[in-house]
Amino acid sequence: MSTFDWVIQLVYVAAASCFVLGLHLMNTPATARRGNQLSTGGMVAAIAATFAIIIHAGTISVTGWIVMLTGALLGGGAGLYAARTVQMTAMPQLVSVFNAVGGGAAALVAIHDYINLAGASAGVPESTTVTTLLDVIIGAVTFSGSIIAAGKLQGLISGSPITFPGSRVVNMAAAVVGIGGAIYLIVTPSVPGLLIIILAALVFGVTMVLPIGGADMPVVISLLNAFTGTAVAMAGFVIGNWALIIAGALVGASGGILTKLMADAMNRSLRNIMIGGFGTGDSAAAVEGPGGDVRPIAADDAAIQLAYAQKVIIVPGYGLAAAQAQHQLAELAKELENHGIEVSYAIHPVAGRMPGHMNVLLAEANVPYPQLREMDDVNPEFPRADVALVVGANDVTNPAARRPGTAISGMPILDVDQAKSIIVIKRSMASGYAGIDNELYVNPKTSMYFADAKKALSELTAAVKTLVG
Amino acid sequence: MTSALLTDITIFVLALLVGFEVISKVPATLHTPLMSAANSIHGIILVGAMLIAASANNALGYVLAFIAAAFAAMNVVGGYVVTGRMLKMFRRRPTPVPAGQDGQGGQLSPDGQGRQVARGGTPGASS
């Protein structure tokens, strides 16, 4: 190894260390920004080292430079524009798109490498073929799957589970062709064979994500994130670059952990989610009618309850984000706080369309993060809360989850029913994703405020202002 | 099996374990920025895209390198910028003047509208 190689390898090690430390600093909101900056620094160093390698080798053609730089500028510009303009409610789509391009780029790197090796007289070493195929297959599945996921999140494709006759068969066939083709290719390298595998992987990605319903998106995005990481790590094996292997493994670990956390938060196995949403499976839950009457409430009465409370816990759900009412909610909370009322937000792990989504939405609405409380942390506080204000959350507040025999049995929920009184802001009595009635709504302590979240919260804020102002 | 592959596998497994250890300590509050940060980290594939652009010597190679470079650059730049943008929103205390914070397009208008609706709603709700 020459001195030059040594320096380059050390820079890559430093870059990988920056990624690890950057992720480590994300364990508190106070240090997270520094973590991101450190990680960015690592990335810049890795890219600079790669430039040095290319210049030092001196074999790159002028066309190669033009292709690389224009591609990077175009892609970088698009990324910058998307990152600057994206609404926080659309973050899951953006993350999906970044998963898609990351996985796609990883697959392309392996495809290029394979074509080069297959053309060479030495042939393709078996160990390279295995990692190349893993990279291509995982990358292509991630690419098509993430695009479908982004389309579903953006509403371009129906968010509800989509199945067509034979979709399961197509999915299985794609898997069989992909795996069978891969085994064949390990024995007999061929470029057309690789193309068939790519195609099968793309089809598999599409048919994997299509049947998954909207509320399961946090799991799907996490899983695709883990896939992308693994694809990038495999690309590292293919081109023999440790920085890629380490970075890919870190992302794979992150995606894996989040996938498990999200699936646990819904008390559903990954298999169950991949097979299809609630209602499409065999969740033969005995749907029982409401066991009592619901009590509607007007803005003024709800405002009185809130204004004379000492402790209010707000339970936001995806409905809040869908109604774009985060700012109105934050305003109401601020108004209550100004009058000495203790306000906190109870956030279920799957509130939103990706892990932690609700926290970002509320942070954007200027809610200070110490008020954002995790489920296990805030649940013991519900009995002390005078009012629990539920906005756009449904299944995660349903006490039916504590009993066996329902579609959501065993799902960890927020103990909203333990609060002294409960106000639920909801447009109608429509059931949530799980398609079952929420027993919370017929609880004698619960009042239902039927309105659009945005309008309801504005009215509540105004009413609280006149009451105590 | 080559010793290089064995080294690669060792690094992969150890990095995976480090990842599990570090990431399981990230609080749920930061899971979205975490995923976005992880996203930017897998943008390291840009290194791979650059290296294939350097070794490409035919039209197909250039096309693959071009797409890979564009994809990876989008991933890196977009990932880091959006993560930074999100993390900037996490504050310990509310800022005194919330309006006019980070002048990113699209955020101010819903915010401003919300305020108007809230004020406009006052007479209607109290009457």
# chains A, B, ... in the order shown; residues from 1 in each chain; ligands from 1
call {"tool": "residues_around", "arguments": {"residues": "region 419-428 of chain A", "least_positions_apart": "2", "cutoff": "7 Å", "atoms": "only C-alpha atoms", "output": "VMD selection string"}}
result
chain A and resid 382 to 392 416 to 417 430 445 to 453
call {"tool": "write_last_selection", "arguments": {"atoms": "N, CA and C atoms", "output": "mmCIF file, in the first residue's frame"}}
result
data_model
loop_
_atom_site.group_PDB
_atom_site.id
_atom_site.type_symbol
_atom_site.label_atom_id
_atom_site.label_comp_id
_atom_site.auth_asym_id
_atom_site.auth_seq_id
_atom_site.Cartn_x
_atom_site.Cartn_y
_atom_site.Cartn_z
ATOM 1 N N PHE A 382 -51.880 10.107 32.973
ATOM 2 C CA PHE A 382 -53.273 10.337 32.580
ATOM 3 C C PHE A 382 -54.222 10.440 33.774
ATOM 4 N N PRO A 383 -54.079 9.579 34.824
ATOM 5 C CA PRO A 383 -55.018 9.696 35.945
ATOM 6 C C PRO A 383 -54.985 11.072 36.611
ATOM 7 N N ARG A 384 -53.848 11.783 36.485
ATOM 8 C CA ARG A 384 -53.751 13.104 37.104
ATOM 9 C C ARG A 384 -54.232 14.219 36.180
ATOM 10 N N ALA A 385 -54.544 13.867 34.933
ATOM 11 C CA ALA A 385 -54.937 14.899 33.967
ATOM 12 C C ALA A 385 -56.412 15.229 34.129
ATOM 13 N N ASP A 386 -56.730 16.521 34.184
ATOM 14 C CA ASP A 386 -58.131 16.922 34.278
ATOM 15 C C ASP A 386 -58.832 16.717 32.949
ATOM 16 N N VAL A 387 -58.131 17.031 31.871
ATOM 17 C CA VAL A 387 -58.716 16.847 30.543
ATOM 18 C C VAL A 387 -57.694 16.173 29.634
ATOM 19 N N ALA A 388 -58.152 15.157 28.912
ATOM 20 C CA ALA A 388 -57.356 14.617 27.811
ATOM 21 C C ALA A 388 -58.036 15.065 26.530
ATOM 22 N N LEU A 389 -57.319 15.807 25.710
ATOM 23 C CA LEU A 389 -57.897 16.332 24.472
ATOM 24 C C LEU A 389 -57.375 15.489 23.312
ATOM 25 N N VAL A 390 -58.268 14.713 22.704
ATOM 26 C CA VAL A 390 -57.869 13.813 21.620
ATOM 27 C C VAL A 390 -58.197 14.478 20.289
ATOM 28 N N VAL A 391 -57.180 14.692 19.463
ATOM 29 C CA VAL A 391 -57.408 15.341 18.175
ATOM 30 C C VAL A 391 -56.917 14.435 17.052
ATOM 31 N N GLY A 392 -57.850 13.850 16.324
ATOM 32 C CA GLY A 392 -57.479 13.074 15.145
ATOM 33 C C GLY A 392 -56.789 11.760 15.443
ATOM 34 N N VAL A 416 -55.843 7.078 27.653
ATOM 35 C CA VAL A 416 -56.663 8.287 27.656
ATOM 36 C C VAL A 416 -57.865 8.134 28.576
ATOM 37 N N ASP A 417 -58.433 6.926 28.633
ATOM 38 C CA ASP A 417 -59.642 6.712 29.437
ATOM 39 C C ASP A 417 -59.395 6.865 30.936
ATOM 40 N N ALA A 430 -66.976 7.893 12.306
ATOM 41 C CA ALA A 430 -66.321 6.890 11.465
ATOM 42 C C ALA A 430 -65.204 6.202 12.233
ATOM 43 N N LYS A 445 -67.242 9.633 30.683
ATOM 44 C CA LYS A 445 -66.377 10.795 30.914
ATOM 45 C C LYS A 445 -66.051 11.539 29.609
ATOM 46 N N THR A 446 -66.433 10.932 28.492
ATOM 47 C CA THR A 446 -66.013 11.477 27.199
ATOM 48 C C THR A 446 -67.066 12.392 26.595
ATOM 49 N N SER A 447 -66.646 13.542 26.082
ATOM 50 C CA SER A 447 -67.535 14.362 25.271
ATOM 51 C C SER A 447 -66.959 14.446 23.874
ATOM 52 N N MET A 448 -67.846 14.390 22.895
ATOM 53 C CA MET A 448 -67.412 14.417 21.503
ATOM 54 C C MET A 448 -67.675 15.799 20.916
ATOM 55 N N TYR A 449 -66.621 16.349 20.327
ATOM 56 C CA TYR A 449 -66.769 17.645 19.675
ATOM 57 C C TYR A 449 -66.680 17.365 18.182
ATOM 58 N N PHE A 450 -67.832 17.310 17.513
ATOM 59 C CA PHE A 450 -67.838 16.935 16.102
ATOM 60 C C PHE A 450 -67.550 18.151 15.235
ATOM 61 N N ALA A 451 -66.358 18.208 14.666
ATOM 62 C CA ALA A 451 -65.990 19.313 13.777
ATOM 63 C C ALA A 451 -64.683 18.972 13.096
ATOM 64 N N ASP A 452 -64.381 19.732 12.082
ATOM 65 C CA ASP A 452 -63.073 19.643 11.452
ATOM 66 C C ASP A 452 -62.035 20.143 12.457
ATOM 67 N N ALA A 453 -60.912 19.445 12.547
ATOM 68 C CA ALA A 453 -59.936 19.748 13.599
ATOM 69 C C ALA A 453 -59.480 21.207 13.557
#
call {"tool": "select_by_dssp", "arguments": {"residues": "region 351-466 of chain A", "states": "alpha helix (DSSP H)", "output": "VMD selection string"}}
result
chain A and resid 357 to 364 375 to 378 453 to 466
call {"tool": "write_last_selection", "arguments": {"atoms": "C-alpha atoms", "output": "PDB file, in the first residue's frame"}}
result
ATOM      1  CA  HIS A 357     -43.643  12.034  12.352  1.00  0.00           C
ATOM      2  CA  MET A 358     -45.998  13.755  14.812  1.00  0.00           C
ATOM      3  CA  ASN A 359     -43.069  15.152  16.811  1.00  0.00           C
ATOM      4  CA  VAL A 360     -41.710  16.910  13.745  1.00  0.00           C
ATOM      5  CA  LEU A 361     -45.110  18.325  12.846  1.00  0.00           C
ATOM      6  CA  LEU A 362     -45.544  19.744  16.341  1.00  0.00           C
ATOM      7  CA  ALA A 363     -41.962  20.987  16.504  1.00  0.00           C
ATOM      8  CA  GLU A 364     -42.657  22.849  13.277  1.00  0.00           C
ATOM      9  CA  MET A 375     -46.188   6.817  25.359  1.00  0.00           C
ATOM     10  CA  ASP A 376     -44.539   4.885  28.201  1.00  0.00           C
ATOM     11  CA  ASP A 377     -43.422   8.092  29.805  1.00  0.00           C
ATOM     12  CA  VAL A 378     -46.779   9.878  29.747  1.00  0.00           C
ATOM     13  CA  ALA A 453     -59.936  19.748  13.599  1.00  0.00           C
ATOM     14  CA  LYS A 454     -58.716  23.068  12.231  1.00  0.00           C
ATOM     15  CA  LYS A 455     -62.037  24.834  12.758  1.00  0.00           C
ATOM     16  CA  ALA A 456     -62.650  23.191  16.130  1.00  0.00           C
ATOM     17  CA  LEU A 457     -59.263  24.177  17.520  1.00  0.00           C
ATOM     18  CA  SER A 458     -59.596  27.765  16.324  1.00  0.00           C
ATOM     19  CA  GLU A 459     -63.005  28.019  17.947  1.00  0.00           C
ATOM     20  CA  LEU A 460     -61.724  26.472  21.166  1.00  0.00           C
ATOM     21  CA  THR A 461     -58.823  28.900  21.311  1.00  0.00           C
ATOM     22  CA  ALA A 462     -61.154  31.837  20.768  1.00  0.00           C
ATOM     23  CA  ALA A 463     -63.578  30.576  23.395  1.00  0.00           C
ATOM     24  CA  VAL A 464     -60.783  30.006  25.931  1.00  0.00           C
ATOM     25  CA  LYS A 465     -59.510  33.523  25.258  1.00  0.00           C
ATOM     26  CA  THR A 466     -62.892  35.117  25.948  1.00  0.00           C
TER      27      THR A 466
END
call {"tool": "closest_atom_pairs", "arguments": {"of": "chain B", "to": "chain A", "cutoff": "6 Å", "atoms": "only C-alpha atoms", "output": "CSV"}}
result
residue,atom,partner,partner_atom,distance
B:Phe12,CA,A:Ile245,CA,5.8
B:Ala15,CA,A:Ile246,CA,5.4
B:Leu16,CA,A:Ala249,CA,4.8
B:Gly19,CA,A:Leu250,CA,4.6
B:Phe20,CA,A:Ala253,CA,5.4
B:Val22,CA,A:His24,CA,5.5
B:Lys25,CA,A:Asn27,CA,5.8
B:Val26,CA,A:Asn27,CA,4.2
B:Ala28,CA,A:Gly356,CA,5.7
B:Thr29,CA,A:Asn359,CA,5.6
B:His31,CA,A:Gly356,CA,4.6
B:Thr32,CA,A:Gly356,CA,4.9
B:Ala38,CA,A:Val251,CA,5.2
B:His42,CA,A:Gly248,CA,5.8
B:Ala53,CA,A:Gly64,CA,5.2
B:Ala54,CA,A:Ile60,CA,4.5
B:Phe66,CA,A:Gly71,CA,5.0
B:Ala68,CA,A:Ala105,CA,4.4
B:Ala69,CA,A:Ala72,CA,5.1
B:Ala70,CA,A:Gly75,CA,4.0
B:Phe71,CA,A:Val101,CA,4.9
B:Ala72,CA,A:Gly102,CA,5.8
B:Ala73,CA,A:Gly76,CA,4.7
B:Met74,CA,A:Gly79,CA,4.2
B:Asn75,CA,A:Phe98,CA,5.2
B:Val77,CA,A:Gly76,CA,5.5
B:Gly78,CA,A:Gly79,CA,4.0
B:Val81,CA,A:Ala83,CA,5.9
B:Val82,CA,A:Ala83,CA,4.7
B:Leu87,CA,A:Arg33,CA,5.8
B:Met89,CA,A:Glu364,CA,5.4
B:Phe90,CA,A:Ala363,CA,5.4
B:Arg91,CA,A:Pro368,CA,5.2
B:Arg92,CA,A:Pro368,CA,4.9
B:Arg93,CA,A:Pro368,CA,4.9
B:Pro94,CA,A:Pro368,CA,5.4
B:Gly105,CA,A:Thr85,CA,5.6
B:Ala118,CA,A:Ser458,CA,4.7
B:Gly121,CA,A:Glu459,CA,6.0
B:Thr122,CA,A:Ala462,CA,4.7
B:Ala125,CA,A:Glu459,CA,5.8
B:Ser126,CA,A:Ala463,CA,5.9
call {"tool": "select_by_dssp", "arguments": {"residues": "region 257-363 of chain A", "states": "strand (DSSP E or B)", "output": "ChimeraX atom specification"}}
result
/A:296,311-316,342-347
call {"tool": "write_last_selection", "arguments": {"atoms": "C-alpha atoms", "output": "short mmCIF file (atom, residue, chain, number, x, y, z; two decimals), in the first residue's frame"}}
result
data_model
loop_
_atom_site.label_atom_id
_atom_site.label_comp_id
_atom_site.auth_asym_id
_atom_site.auth_seq_id
_atom_site.Cartn_x
_atom_site.Cartn_y
_atom_site.Cartn_z
CA PRO A 296 -71.73 15.77 21.95
CA LYS A 311 -53.36 19.62 33.72
CA VAL A 312 -54.23 18.94 30.11
CA ILE A 313 -52.78 16.14 28.01
CA ILE A 314 -53.20 16.51 24.28
CA VAL A 315 -53.33 13.34 22.18
CA PRO A 316 -52.64 14.19 18.54
CA GLU A 342 -49.83 22.39 32.54
CA VAL A 343 -49.92 21.13 28.97
CA SER A 344 -48.16 18.15 27.46
CA TYR A 345 -48.55 16.08 24.30
CA ALA A 346 -48.89 12.29 24.47
CA ILE A 347 -47.45 10.87 21.29
#
call {"tool": "closest_residue", "arguments": {"among": "A:Ala118, A:Ile304, A:Ala407, A:Ala351", "to": "Leu194 (chain A)", "atoms": "only C-alpha atoms"}}
result
A:Ala118
call {"tool": "atom_distance", "arguments": {"atom1": "CA of Asn443 (chain A)", "atom2": "CA of Leu336 (chain A)"}}
result
24.9 Å
